[in-house]
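Structure first, then comments.
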Amino acid sequence: MQRYFVPEAQMLERSVTLEGDDARHAAAVMRAKPGDRFIACNGSGRDVVARITSANKHQVEAEIVEELAGSAEMRWRIDVAQSLPKGDKLETVIQKGTEAGAAAFVPFLSRRTVVQYDERKEEKRLDRWRKIAKEAAEQSHRSIVPRIEPVCSWKSLLRRFADYELTLLCYEEEGRTGVGLREALAGFKPGPDGASVLVVVGPEGGFAPEEAEAAIAAGARPIGLGRRILRTETAALYALACLAYESGELGGN
């Protein structure tokens, strides 16, 4: 059943309205007609089954016929801070990271970032990244759309570490010494409501030693992701999968 995220104002107690791109997708791509059903999510935990009463490419009206219980969200809230990579690699991280369960993405600039960042294009890129996250969340049956933050500086990111119960710095030097994720999680005891975790991934050239030192001083735990060197767009996804297991998402203890 097709899933759409809609603003809370468009999901009332007994009805849902699709507008804009969602209405065009439902009417033109899915060939929706009265009587067809879809799942609507308000992004705040309310998921419903709705039955279409009228449909055109500008607006789709539907009545709510069922409230859905349960959630596909991860036990831990895991945000990914990703140094801006070249090309469209961040789009891959956002798309696949959303499918893997990330709650938010924080792009940042670090010393070895090779992208020539242009602030004038930020709003356009943010819109595209958020659209990718929304579509991936619909495809993977998420109950929320991950938050996409504006690009920030390294110093600004360091100040955010205090907002999390655990910050993990993916640092290849730790991989060479055998200090991995499981060692970093030793003694970490999340509460009954889960945990808030930030995974920090560097650029193609990795973190400069002084950046790693600053991150550790700010409270991050450095980790390796095995003895292999992963591409920057692979590291976040690898870490998300490992954390899903460690949190019990995949049956781990």
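Starting from 1 in every chain, residues are counted up; chains themselves are A, B, ... following the order of the structure tokens, and ligands are numbered from 1 as listed.
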Sel. of strand (DSSP E) residues, stretch 5-190 of chain A, as a PDB file with N, CA, C and O atoms, in the first residue's frame:
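Now in states.pdb:
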```pdb
ATOM      1  N   PHE A   5       3.707  10.985   3.398  1.00  0.00           N
ATOM      2  CA  PHE A   5       3.848  11.856   4.557  1.00  0.00           C
ATOM      3  C   PHE A   5       3.134  13.169   4.252  1.00  0.00           C
ATOM      4  O   PHE A   5       3.381  13.785   3.203  1.00  0.00           O
ATOM      5  N   SER A  15     -10.218  12.655   8.291  1.00  0.00           N
ATOM      6  CA  SER A  15      -9.947  12.815   6.864  1.00  0.00           C
ATOM      7  C   SER A  15      -8.492  13.206   6.616  1.00  0.00           C
ATOM      8  O   SER A  15      -7.808  13.719   7.501  1.00  0.00           O
ATOM      9  N   VAL A  16      -8.046  12.933   5.378  1.00  0.00           N
ATOM     10  CA  VAL A  16      -6.691  13.268   4.940  1.00  0.00           C
ATOM     11  C   VAL A  16      -6.780  13.890   3.558  1.00  0.00           C
ATOM     12  O   VAL A  16      -7.582  13.456   2.722  1.00  0.00           O
ATOM     13  N   THR A  17      -5.925  14.899   3.311  1.00  0.00           N
ATOM     14  CA  THR A  17      -5.858  15.523   2.001  1.00  0.00           C
ATOM     15  C   THR A  17      -4.424  15.457   1.480  1.00  0.00           C
ATOM     16  O   THR A  17      -3.485  15.811   2.187  1.00  0.00           O
ATOM     17  N   LEU A  18      -4.275  14.988   0.249  1.00  0.00           N
ATOM     18  CA  LEU A  18      -2.980  15.031  -0.427  1.00  0.00           C
ATOM     19  C   LEU A  18      -2.982  16.205  -1.389  1.00  0.00           C
ATOM     20  O   LEU A  18      -3.961  16.424  -2.118  1.00  0.00           O
ATOM     21  N   GLU A  19      -1.875  16.944  -1.409  1.00  0.00           N
ATOM     22  CA  GLU A  19      -1.756  18.094  -2.298  1.00  0.00           C
ATOM     23  C   GLU A  19      -0.392  18.082  -2.973  1.00  0.00           C
ATOM     24  O   GLU A  19       0.481  17.281  -2.624  1.00  0.00           O
ATOM     25  N   ARG A  37      -7.078   2.739  -1.441  1.00  0.00           N
ATOM     26  CA  ARG A  37      -6.576   3.067  -0.107  1.00  0.00           C
ATOM     27  C   ARG A  37      -5.083   3.372  -0.149  1.00  0.00           C
ATOM     28  O   ARG A  37      -4.360   2.886  -1.011  1.00  0.00           O
ATOM     29  N   PHE A  38      -4.634   4.179   0.801  1.00  0.00           N
ATOM     30  CA  PHE A  38      -3.212   4.460   0.978  1.00  0.00           C
ATOM     31  C   PHE A  38      -2.952   4.691   2.463  1.00  0.00           C
ATOM     32  O   PHE A  38      -3.893   4.835   3.255  1.00  0.00           O
ATOM     33  N   ILE A  39      -1.683   4.688   2.836  1.00  0.00           N
ATOM     34  CA  ILE A  39      -1.291   4.978   4.216  1.00  0.00           C
ATOM     35  C   ILE A  39      -0.791   6.417   4.283  1.00  0.00           C
ATOM     36  O   ILE A  39       0.007   6.847   3.445  1.00  0.00           O
ATOM     37  N   ALA A  40      -1.269   7.166   5.258  1.00  0.00           N
ATOM     38  CA  ALA A  40      -0.827   8.538   5.467  1.00  0.00           C
ATOM     39  C   ALA A  40      -0.154   8.646   6.830  1.00  0.00           C
ATOM     40  O   ALA A  40      -0.633   8.068   7.810  1.00  0.00           O
ATOM     41  N   CYS A  41       0.957   9.385   6.878  1.00  0.00           N
ATOM     42  CA  CYS A  41       1.704   9.586   8.117  1.00  0.00           C
ATOM     43  C   CYS A  41       1.877  11.083   8.339  1.00  0.00           C
ATOM     44  O   CYS A  41       2.180  11.819   7.397  1.00  0.00           O
ATOM     45  N   ASP A  47      -0.002   7.139  12.078  1.00  0.00           N
ATOM     46  CA  ASP A  47      -0.107   6.500  10.767  1.00  0.00           C
ATOM     47  C   ASP A  47      -1.523   5.966  10.614  1.00  0.00           C
ATOM     48  O   ASP A  47      -2.042   5.299  11.526  1.00  0.00           O
ATOM     49  N   VAL A  48      -2.146   6.233   9.460  1.00  0.00           N
ATOM     50  CA  VAL A  48      -3.531   5.812   9.248  1.00  0.00           C
ATOM     51  C   VAL A  48      -3.697   5.219   7.856  1.00  0.00           C
ATOM     52  O   VAL A  48      -2.908   5.493   6.951  1.00  0.00           O
ATOM     53  N   VAL A  49      -4.732   4.402   7.719  1.00  0.00           N
ATOM     54  CA  VAL A  49      -5.177   3.941   6.402  1.00  0.00           C
ATOM     55  C   VAL A  49      -6.328   4.839   5.979  1.00  0.00           C
ATOM     56  O   VAL A  49      -7.263   5.063   6.755  1.00  0.00           O
ATOM     57  N   ALA A  50      -6.238   5.355   4.757  1.00  0.00           N
ATOM     58  CA  ALA A  50      -7.277   6.260   4.262  1.00  0.00           C
ATOM     59  C   ALA A  50      -7.853   5.729   2.950  1.00  0.00           C
ATOM     60  O   ALA A  50      -7.114   5.174   2.123  1.00  0.00           O
ATOM     61  N   ARG A  51      -9.174   5.925   2.784  1.00  0.00           N
ATOM     62  CA  ARG A  51      -9.857   5.507   1.560  1.00  0.00           C
ATOM     63  C   ARG A  51     -10.225   6.741   0.745  1.00  0.00           C
ATOM     64  O   ARG A  51     -10.842   7.678   1.258  1.00  0.00           O
ATOM     65  N   ILE A  52      -9.819   6.752  -0.523  1.00  0.00           N
ATOM     66  CA  ILE A  52     -10.013   7.923  -1.373  1.00  0.00           C
ATOM     67  C   ILE A  52     -11.494   8.136  -1.689  1.00  0.00           C
ATOM     68  O   ILE A  52     -12.218   7.197  -2.043  1.00  0.00           O
ATOM     69  N   THR A  53     -11.925   9.391  -1.549  1.00  0.00           N
ATOM     70  CA  THR A  53     -13.300   9.765  -1.915  1.00  0.00           C
ATOM     71  C   THR A  53     -13.338  10.573  -3.206  1.00  0.00           C
ATOM     72  O   THR A  53     -14.335  10.550  -3.930  1.00  0.00           O
ATOM     73  N   SER A  54     -12.243  11.306  -3.509  1.00  0.00           N
ATOM     74  CA  SER A  54     -12.144  12.031  -4.783  1.00  0.00           C
ATOM     75  C   SER A  54     -10.675  12.235  -5.087  1.00  0.00           C
ATOM     76  O   SER A  54      -9.849  12.366  -4.178  1.00  0.00           O
ATOM     77  N   ALA A  55     -10.348  12.266  -6.397  1.00  0.00           N
ATOM     78  CA  ALA A  55      -8.934  12.366  -6.760  1.00  0.00           C
ATOM     79  C   ALA A  55      -8.750  13.094  -8.081  1.00  0.00           C
ATOM     80  O   ALA A  55      -9.443  12.811  -9.060  1.00  0.00           O
ATOM     81  N   GLN A  59      -5.466  17.595  -6.072  1.00  0.00           N
ATOM     82  CA  GLN A  59      -5.885  17.306  -4.699  1.00  0.00           C
ATOM     83  C   GLN A  59      -6.549  15.932  -4.634  1.00  0.00           C
ATOM     84  O   GLN A  59      -7.344  15.565  -5.500  1.00  0.00           O
ATOM     85  N   VAL A  60      -6.200  15.201  -3.591  1.00  0.00           N
ATOM     86  CA  VAL A  60      -6.825  13.902  -3.329  1.00  0.00           C
ATOM     87  C   VAL A  60      -7.447  13.961  -1.943  1.00  0.00           C
ATOM     88  O   VAL A  60      -6.768  14.255  -0.962  1.00  0.00           O
ATOM     89  N   GLU A  61      -8.737  13.687  -1.869  1.00  0.00           N
ATOM     90  CA  GLU A  61      -9.456  13.677  -0.596  1.00  0.00           C
ATOM     91  C   GLU A  61      -9.712  12.232  -0.185  1.00  0.00           C
ATOM     92  O   GLU A  61     -10.034  11.386  -1.027  1.00  0.00           O
ATOM     93  N   ALA A  62      -9.553  11.953   1.118  1.00  0.00           N
ATOM     94  CA  ALA A  62      -9.748  10.581   1.604  1.00  0.00           C
ATOM     95  C   ALA A  62     -10.281  10.596   3.022  1.00  0.00           C
ATOM     96  O   ALA A  62     -10.040  11.538   3.782  1.00  0.00           O
ATOM     97  N   GLU A  63     -11.005   9.535   3.361  1.00  0.00           N
ATOM     98  CA  GLU A  63     -11.510   9.375   4.716  1.00  0.00           C
ATOM     99  C   GLU A  63     -10.662   8.356   5.457  1.00  0.00           C
ATOM    100  O   GLU A  63     -10.218   7.367   4.878  1.00  0.00           O
ATOM    101  N   ILE A  64     -10.411   8.602   6.724  1.00  0.00           N
ATOM    102  CA  ILE A  64      -9.606   7.687   7.531  1.00  0.00           C
ATOM    103  C   ILE A  64     -10.470   6.504   7.953  1.00  0.00           C
ATOM    104  O   ILE A  64     -11.553   6.684   8.519  1.00  0.00           O
ATOM    105  N   VAL A  65      -9.982   5.309   7.662  1.00  0.00           N
ATOM    106  CA  VAL A  65     -10.754   4.106   7.985  1.00  0.00           C
ATOM    107  C   VAL A  65     -10.077   3.241   9.046  1.00  0.00           C
ATOM    108  O   VAL A  65     -10.697   2.327   9.592  1.00  0.00           O
ATOM    109  N   GLU A  66      -8.779   3.525   9.336  1.00  0.00           N
ATOM    110  CA  GLU A  66      -8.084   2.712  10.331  1.00  0.00           C
ATOM    111  C   GLU A  66      -6.881   3.467  10.887  1.00  0.00           C
ATOM    112  O   GLU A  66      -6.148   4.115  10.139  1.00  0.00           O
ATOM    113  N   GLU A  67      -6.693   3.371  12.197  1.00  0.00           N
ATOM    114  CA  GLU A  67      -5.496   3.902  12.845  1.00  0.00           C
ATOM    115  C   GLU A  67      -4.500   2.747  12.984  1.00  0.00           C
ATOM    116  O   GLU A  67      -4.856   1.666  13.465  1.00  0.00           O
ATOM    117  N   LEU A  68      -3.282   2.963  12.552  1.00  0.00           N
ATOM    118  CA  LEU A  68      -2.272   1.904  12.595  1.00  0.00           C
ATOM    119  C   LEU A  68      -1.439   2.008  13.861  1.00  0.00           C
ATOM    120  O   LEU A  68      -1.000   3.092  14.243  1.00  0.00           O
ATOM    121  N   ARG A  77      17.775   6.544  18.820  1.00  0.00           N
ATOM    122  CA  ARG A  77      17.721   7.650  17.862  1.00  0.00           C
ATOM    123  C   ARG A  77      19.148   7.922  17.415  1.00  0.00           C
ATOM    124  O   ARG A  77      19.975   8.396  18.187  1.00  0.00           O
ATOM    125  N   ILE A  78      19.432   7.618  16.161  1.00  0.00           N
ATOM    126  CA  ILE A  78      20.792   7.742  15.641  1.00  0.00           C
ATOM    127  C   ILE A  78      20.832   8.819  14.562  1.00  0.00           C
ATOM    128  O   ILE A  78      20.160   8.706  13.526  1.00  0.00           O
ATOM    129  N   ASP A  79      21.592   9.878  14.813  1.00  0.00           N
ATOM    130  CA  ASP A  79      21.802  10.942  13.837  1.00  0.00           C
ATOM    131  C   ASP A  79      23.159  10.734  13.178  1.00  0.00           C
ATOM    132  O   ASP A  79      24.100  10.241  13.815  1.00  0.00           O
ATOM    133  N   VAL A  80      23.265  11.113  11.920  1.00  0.00           N
ATOM    134  CA  VAL A  80      24.516  10.963  11.165  1.00  0.00           C
ATOM    135  C   VAL A  80      25.043  12.345  10.801  1.00  0.00           C
ATOM    136  O   VAL A  80      24.355  13.114  10.122  1.00  0.00           O
ATOM    137  N   ALA A  81      26.251  12.662  11.268  1.00  0.00           N
ATOM    138  CA  ALA A  81      26.949  13.875  10.852  1.00  0.00           C
ATOM    139  C   ALA A  81      27.946  13.463   9.772  1.00  0.00           C
ATOM    140  O   ALA A  81      28.832  12.651  10.019  1.00  0.00           O
ATOM    141  N   GLN A  82      27.780  14.000   8.578  1.00  0.00           N
ATOM    142  CA  GLN A  82      28.577  13.570   7.423  1.00  0.00           C
ATOM    143  C   GLN A  82      29.301  14.765   6.823  1.00  0.00           C
ATOM    144  O   GLN A  82      28.680  15.735   6.411  1.00  0.00           O
ATOM    145  N   SER A  83      30.627  14.686   6.770  1.00  0.00           N
ATOM    146  CA  SER A  83      31.382  15.722   6.076  1.00  0.00           C
ATOM    147  C   SER A  83      30.997  15.698   4.603  1.00  0.00           C
ATOM    148  O   SER A  83      30.870  14.624   4.006  1.00  0.00           O
ATOM    149  N   ALA A 104      18.289  11.663  11.660  1.00  0.00           N
ATOM    150  CA  ALA A 104      18.633  12.982  11.141  1.00  0.00           C
ATOM    151  C   ALA A 104      19.992  12.926  10.466  1.00  0.00           C
ATOM    152  O   ALA A 104      20.801  12.016  10.736  1.00  0.00           O
ATOM    153  N   PHE A 105      20.249  13.908   9.606  1.00  0.00           N
ATOM    154  CA  PHE A 105      21.537  14.034   8.931  1.00  0.00           C
ATOM    155  C   PHE A 105      22.042  15.456   9.108  1.00  0.00           C
ATOM    156  O   PHE A 105      21.293  16.415   8.912  1.00  0.00           O
ATOM    157  N   VAL A 106      23.317  15.563   9.486  1.00  0.00           N
ATOM    158  CA  VAL A 106      23.938  16.867   9.733  1.00  0.00           C
ATOM    159  C   VAL A 106      25.170  16.992   8.830  1.00  0.00           C
ATOM    160  O   VAL A 106      26.251  16.491   9.181  1.00  0.00           O
ATOM    161  N   PRO A 107      25.061  17.620   7.661  1.00  0.00           N
ATOM    162  CA  PRO A 107      26.239  17.808   6.810  1.00  0.00           C
ATOM    163  C   PRO A 107      27.159  18.865   7.435  1.00  0.00           C
ATOM    164  O   PRO A 107      26.687  19.845   8.008  1.00  0.00           O
ATOM    165  N   PHE A 108      28.473  18.670   7.317  1.00  0.00           N
ATOM    166  CA  PHE A 108      29.390  19.655   7.887  1.00  0.00           C
ATOM    167  C   PHE A 108      30.638  19.783   7.019  1.00  0.00           C
ATOM    168  O   PHE A 108      30.923  18.934   6.165  1.00  0.00           O
ATOM    169  N   LEU A 109      31.371  20.850   7.264  1.00  0.00           N
ATOM    170  CA  LEU A 109      32.620  21.116   6.556  1.00  0.00           C
ATOM    171  C   LEU A 109      33.787  20.837   7.493  1.00  0.00           C
ATOM    172  O   LEU A 109      33.785  21.280   8.642  1.00  0.00           O
ATOM    173  N   ARG A 147      15.270  14.311   9.738  1.00  0.00           N
ATOM    174  CA  ARG A 147      15.536  15.749   9.658  1.00  0.00           C
ATOM    175  C   ARG A 147      16.859  15.975   8.924  1.00  0.00           C
ATOM    176  O   ARG A 147      17.841  15.290   9.180  1.00  0.00           O
ATOM    177  N   ILE A 148      16.881  16.919   7.997  1.00  0.00           N
ATOM    178  CA  ILE A 148      18.109  17.276   7.287  1.00  0.00           C
ATOM    179  C   ILE A 148      18.514  18.680   7.730  1.00  0.00           C
ATOM    180  O   ILE A 148      17.801  19.654   7.470  1.00  0.00           O
ATOM    181  N   CYS A 152      26.896  22.838   8.421  1.00  0.00           N
ATOM    182  CA  CYS A 152      27.489  23.589   9.523  1.00  0.00           C
ATOM    183  C   CYS A 152      29.010  23.445   9.508  1.00  0.00           C
ATOM    184  O   CYS A 152      29.565  22.621   8.783  1.00  0.00           O
ATOM    185  N   SER A 153      29.672  24.237  10.310  1.00  0.00           N
ATOM    186  CA  SER A 153      31.130  24.177  10.411  1.00  0.00           C
ATOM    187  C   SER A 153      31.543  23.075  11.389  1.00  0.00           C
ATOM    188  O   SER A 153      30.728  22.570  12.172  1.00  0.00           O
ATOM    189  N   LEU A 166      25.701   9.707  23.446  1.00  0.00           N
ATOM    190  CA  LEU A 166      26.903   9.057  22.933  1.00  0.00           C
ATOM    191  C   LEU A 166      27.234   9.629  21.562  1.00  0.00           C
ATOM    192  O   LEU A 166      26.370   9.712  20.691  1.00  0.00           O
ATOM    193  N   THR A 167      28.491  10.046  21.380  1.00  0.00           N
ATOM    194  CA  THR A 167      28.971  10.501  20.076  1.00  0.00           C
ATOM    195  C   THR A 167      30.110   9.596  19.640  1.00  0.00           C
ATOM    196  O   THR A 167      31.076   9.395  20.380  1.00  0.00           O
ATOM    197  N   LEU A 168      29.988   9.028  18.440  1.00  0.00           N
ATOM    198  CA  LEU A 168      30.984   8.092  17.915  1.00  0.00           C
ATOM    199  C   LEU A 168      31.689   8.720  16.718  1.00  0.00           C
ATOM    200  O   LEU A 168      31.040   9.106  15.738  1.00  0.00           O
ATOM    201  N   LEU A 169      32.990   8.829  16.804  1.00  0.00           N
ATOM    202  CA  LEU A 169      33.808   9.388  15.729  1.00  0.00           C
ATOM    203  C   LEU A 169      34.414   8.244  14.917  1.00  0.00           C
ATOM    204  O   LEU A 169      35.231   7.474  15.434  1.00  0.00           O
ATOM    205  N   CYS A 170      33.986   8.115  13.662  1.00  0.00           N
ATOM    206  CA  CYS A 170      34.535   7.064  12.800  1.00  0.00           C
ATOM    207  C   CYS A 170      35.919   7.505  12.323  1.00  0.00           C
ATOM    208  O   CYS A 170      36.045   8.424  11.508  1.00  0.00           O
TER     209      CYS A 170
END
```
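Around A:Trp154, within 6 Å and counting only C-alpha atoms, the residues found are Leu109, Ser110, Ser156 and Leu157 of chain A, once anything fewer than 2 positions away on its own chain is removed.
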Same residues, all heavy atoms, output as a PDB file, in the first residue's frame:
```pdb
ATOM      1  N   LEU A 109      31.371  20.850   7.264  1.00  0.00           N
ATOM      2  CA  LEU A 109      32.620  21.116   6.556  1.00  0.00           C
ATOM      3  C   LEU A 109      33.787  20.837   7.493  1.00  0.00           C
ATOM      4  O   LEU A 109      33.785  21.280   8.642  1.00  0.00           O
ATOM      5  CB  LEU A 109      32.672  22.573   6.094  1.00  0.00           C
ATOM      6  CG  LEU A 109      31.556  23.023   5.141  1.00  0.00           C
ATOM      7  CD1 LEU A 109      31.600  24.528   4.939  1.00  0.00           C
ATOM      8  CD2 LEU A 109      31.660  22.299   3.809  1.00  0.00           C
ATOM      9  N   SER A 110      34.769  20.082   7.020  1.00  0.00           N
ATOM     10  CA  SER A 110      35.962  19.795   7.819  1.00  0.00           C
ATOM     11  C   SER A 110      37.202  20.163   7.020  1.00  0.00           C
ATOM     12  O   SER A 110      37.114  20.575   5.861  1.00  0.00           O
ATOM     13  CB  SER A 110      35.983  18.326   8.242  1.00  0.00           C
ATOM     14  OG  SER A 110      35.891  17.477   7.116  1.00  0.00           O
ATOM     15  N   SER A 156      31.065  24.244  14.957  1.00  0.00           N
ATOM     16  CA  SER A 156      29.649  24.206  15.329  1.00  0.00           C
ATOM     17  C   SER A 156      29.212  22.781  15.646  1.00  0.00           C
ATOM     18  O   SER A 156      28.455  22.541  16.593  1.00  0.00           O
ATOM     19  CB  SER A 156      28.798  24.790  14.201  1.00  0.00           C
ATOM     20  OG  SER A 156      27.421  24.656  14.476  1.00  0.00           O
ATOM     21  N   LEU A 157      29.702  21.829  14.874  1.00  0.00           N
ATOM     22  CA  LEU A 157      29.360  20.428  15.119  1.00  0.00           C
ATOM     23  C   LEU A 157      29.886  19.966  16.468  1.00  0.00           C
ATOM     24  O   LEU A 157      29.191  19.252  17.206  1.00  0.00           O
ATOM     25  CB  LEU A 157      29.917  19.546  14.007  1.00  0.00           C
ATOM     26  CG  LEU A 157      29.593  18.050  14.130  1.00  0.00           C
ATOM     27  CD1 LEU A 157      28.101  17.806  13.973  1.00  0.00           C
ATOM     28  CD2 LEU A 157      30.380  17.244  13.102  1.00  0.00           C
TER      29      LEU A 157
END
```
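From atom CA of A:Gln139 back to atom CA of A:Lys121, the distance works out to 27.3 Å.
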- From a DSSP pass on the backbone, collect the residues of stretch 20-94 of chain A flagged as helix (DSSP H, G or I) and hand them back as an MDAnalysis selection string. chainID A and resid 20:29 89:94
For those residues, write all heavy atoms to a file as a short mmCIF file (atom, residue, chain, number, x, y, z; two decimals), in the first residue's frame.
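Result file part_16.cif:
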```
data_model
loop_
_atom_site.label_atom_id
_atom_site.label_comp_id
_atom_site.auth_asym_id
_atom_site.auth_seq_id
_atom_site.Cartn_x
_atom_site.Cartn_y
_atom_site.Cartn_z
N GLY A 20 -0.21 18.97 -3.95
CA GLY A 20 1.10 19.13 -4.59
C GLY A 20 1.62 17.87 -5.24
O GLY A 20 0.88 17.15 -5.92
N ASP A 21 2.91 17.58 -5.01
CA ASP A 21 3.55 16.41 -5.64
C ASP A 21 2.89 15.10 -5.22
O ASP A 21 2.80 14.16 -6.03
CB ASP A 21 5.03 16.35 -5.27
CG ASP A 21 5.85 17.46 -5.93
OD1 ASP A 21 5.35 18.02 -6.92
OD2 ASP A 21 6.96 17.74 -5.45
N ASP A 22 2.42 15.03 -3.96
CA ASP A 22 1.76 13.79 -3.51
C ASP A 22 0.48 13.53 -4.27
O ASP A 22 0.19 12.40 -4.67
CB ASP A 22 1.48 13.87 -2.01
CG ASP A 22 2.74 13.79 -1.17
OD1 ASP A 22 3.74 13.23 -1.65
OD2 ASP A 22 2.73 14.28 -0.03
N ALA A 23 -0.31 14.58 -4.48
CA ALA A 23 -1.56 14.42 -5.23
C ALA A 23 -1.27 14.03 -6.68
O ALA A 23 -1.93 13.14 -7.24
CB ALA A 23 -2.38 15.72 -5.19
N ARG A 24 -0.26 14.67 -7.28
CA ARG A 24 0.10 14.32 -8.66
C ARG A 24 0.58 12.88 -8.75
O ARG A 24 0.25 12.15 -9.69
CB ARG A 24 1.18 15.27 -9.18
CG ARG A 24 0.64 16.65 -9.58
CD ARG A 24 1.69 17.46 -10.31
NE ARG A 24 2.77 17.87 -9.41
CZ ARG A 24 2.74 18.95 -8.65
NH1 ARG A 24 1.66 19.74 -8.68
NH2 ARG A 24 3.75 19.27 -7.87
N HIS A 25 1.36 12.45 -7.76
CA HIS A 25 1.85 11.07 -7.77
C HIS A 25 0.70 10.09 -7.64
O HIS A 25 0.61 9.09 -8.37
CB HIS A 25 2.85 10.86 -6.62
CG HIS A 25 3.41 9.47 -6.58
ND1 HIS A 25 2.82 8.45 -5.86
CD2 HIS A 25 4.51 8.94 -7.18
CE1 HIS A 25 3.52 7.35 -6.01
NE2 HIS A 25 4.56 7.61 -6.80
N ALA A 26 -0.22 10.37 -6.70
CA ALA A 26 -1.34 9.45 -6.47
C ALA A 26 -2.24 9.37 -7.71
O ALA A 26 -2.63 8.28 -8.14
CB ALA A 26 -2.14 9.90 -5.26
N ALA A 27 -2.57 10.54 -8.28
CA ALA A 27 -3.53 10.57 -9.38
C ALA A 27 -2.92 10.16 -10.72
O ALA A 27 -3.53 9.40 -11.49
CB ALA A 27 -4.15 11.96 -9.49
N ALA A 28 -1.71 10.65 -11.01
CA ALA A 28 -1.12 10.42 -12.33
C ALA A 28 -0.27 9.16 -12.39
O ALA A 28 -0.32 8.42 -13.38
CB ALA A 28 -0.28 11.64 -12.74
N VAL A 29 0.52 8.89 -11.35
CA VAL A 29 1.42 7.74 -11.37
C VAL A 29 0.72 6.47 -10.87
O VAL A 29 0.77 5.42 -11.50
CB VAL A 29 2.68 8.01 -10.53
CG1 VAL A 29 3.60 6.78 -10.52
CG2 VAL A 29 3.43 9.22 -11.06
N LYS A 89 27.28 11.89 -3.57
CA LYS A 89 27.43 10.86 -2.54
C LYS A 89 26.57 11.12 -1.32
O LYS A 89 26.08 10.18 -0.68
CB LYS A 89 28.90 10.73 -2.14
CG LYS A 89 29.80 10.18 -3.23
CD LYS A 89 31.25 10.14 -2.79
CE LYS A 89 32.15 9.61 -3.91
NZ LYS A 89 33.58 9.63 -3.51
N LEU A 90 26.37 12.40 -0.96
CA LEU A 90 25.54 12.67 0.21
C LEU A 90 24.09 12.25 -0.05
O LEU A 90 23.40 11.81 0.87
CB LEU A 90 25.59 14.15 0.58
CG LEU A 90 24.83 14.51 1.87
CD1 LEU A 90 25.39 13.75 3.08
CD2 LEU A 90 24.88 16.01 2.14
N GLU A 91 23.65 12.34 -1.29
CA GLU A 91 22.30 11.88 -1.63
C GLU A 91 22.18 10.38 -1.36
O GLU A 91 21.15 9.91 -0.86
CB GLU A 91 21.98 12.20 -3.09
CG GLU A 91 21.93 13.70 -3.38
CD GLU A 91 21.60 13.99 -4.84
OE1 GLU A 91 21.31 13.03 -5.59
OE2 GLU A 91 21.63 15.17 -5.22
N THR A 92 23.24 9.64 -1.68
CA THR A 92 23.24 8.21 -1.40
C THR A 92 23.18 7.95 0.10
O THR A 92 22.44 7.08 0.58
CB THR A 92 24.50 7.55 -1.99
OG1 THR A 92 24.51 7.75 -3.41
CG2 THR A 92 24.56 6.07 -1.67
N VAL A 93 23.99 8.70 0.87
CA VAL A 93 24.00 8.52 2.32
C VAL A 93 22.61 8.81 2.89
O VAL A 93 22.11 8.06 3.75
CB VAL A 93 25.05 9.45 2.97
CG1 VAL A 93 24.92 9.44 4.49
CG2 VAL A 93 26.45 9.03 2.56
N ILE A 94 21.96 9.87 2.42
CA ILE A 94 20.63 10.23 2.94
C ILE A 94 19.60 9.17 2.55
O ILE A 94 18.80 8.73 3.39
CB ILE A 94 20.22 11.61 2.43
CG1 ILE A 94 21.09 12.69 3.09
CG2 ILE A 94 18.73 11.89 2.71
CD1 ILE A 94 20.89 14.08 2.52
#
```
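Within 10 Å of A:Arg125, once only C-alpha atoms are used and residues closer than 5 positions along the same chain are dropped, the contacting residues are Glu91, Glu119, Arg120, Arg130, Lys131 and Pro150 of chain A.
Closest approach to A:Gly219 among A:Ala186, A:Ala72, A:Leu126, A:Ala162: A:Ala162, based on only C-alpha atoms.
Atom CA of A:Gly70 lies 22.9 Å from atom CA of A:Asp36.
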- Message: With distances taken over only C-alpha atoms, which residue among A:Ile144, A:Arg75, A:Glu249, A:Arg159 lies nearest A:Ser196?
- Response: A:Arg75
- Message: Could you tell me how far atom CA of A:Lys33 sits from atom CA of A:Met11, in Å to one decimal place?
- Response: 19.2 Å
What's around A:Ser71 at 8 Å? Count only C-alpha atoms, leave out sequence neighbours fewer than 3 positions away in its own chain, and write the answer as an mmCIF file with all heavy atoms, in the first residue's frame.
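Output file out-v6.cif is given in full below:
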```
data_model
loop_
_atom_site.group_PDB
_atom_site.id
_atom_site.type_symbol
_atom_site.label_atom_id
_atom_site.label_comp_id
_atom_site.auth_asym_id
_atom_site.auth_seq_id
_atom_site.Cartn_x
_atom_site.Cartn_y
_atom_site.Cartn_z
ATOM 1 N N GLY A 45 4.210 10.332 14.413
ATOM 2 C CA GLY A 45 3.846 9.054 15.012
ATOM 3 C C GLY A 45 2.440 8.573 14.713
ATOM 4 O O GLY A 45 2.086 7.455 15.098
ATOM 5 N N ARG A 142 8.787 4.107 6.972
ATOM 6 C CA ARG A 142 9.109 4.806 8.207
ATOM 7 C C ARG A 142 7.888 5.559 8.709
ATOM 8 O O ARG A 142 6.949 5.866 7.961
ATOM 9 C CB ARG A 142 10.252 5.819 7.964
ATOM 10 C CG ARG A 142 11.586 5.241 7.536
ATOM 11 C CD ARG A 142 12.359 4.686 8.699
ATOM 12 N NE ARG A 142 12.633 5.680 9.735
ATOM 13 C CZ ARG A 142 13.708 6.474 9.756
ATOM 14 N NH1 ARG A 142 14.626 6.391 8.792
ATOM 15 N NH2 ARG A 142 13.895 7.319 10.751
ATOM 16 N N SER A 143 7.911 5.890 10.011
ATOM 17 C CA SER A 143 6.847 6.711 10.590
ATOM 18 C C SER A 143 7.250 8.176 10.688
ATOM 19 O O SER A 143 6.416 9.034 10.965
ATOM 20 C CB SER A 143 6.477 6.201 11.991
ATOM 21 O OG SER A 143 5.871 4.934 11.905
#
```
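When only C-alpha atoms are used to measure the gap to A:Arg46, the shortest distance among A:Glu204, A:Glu8, A:Glu210, A:Glu173 belongs to A:Glu8.
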- Shell of 8 Å around A:Pro7, only C-alpha atoms, local chain residues under 3 positions omitted, as a ChimeraX atom specification: /A:10-11,42-43
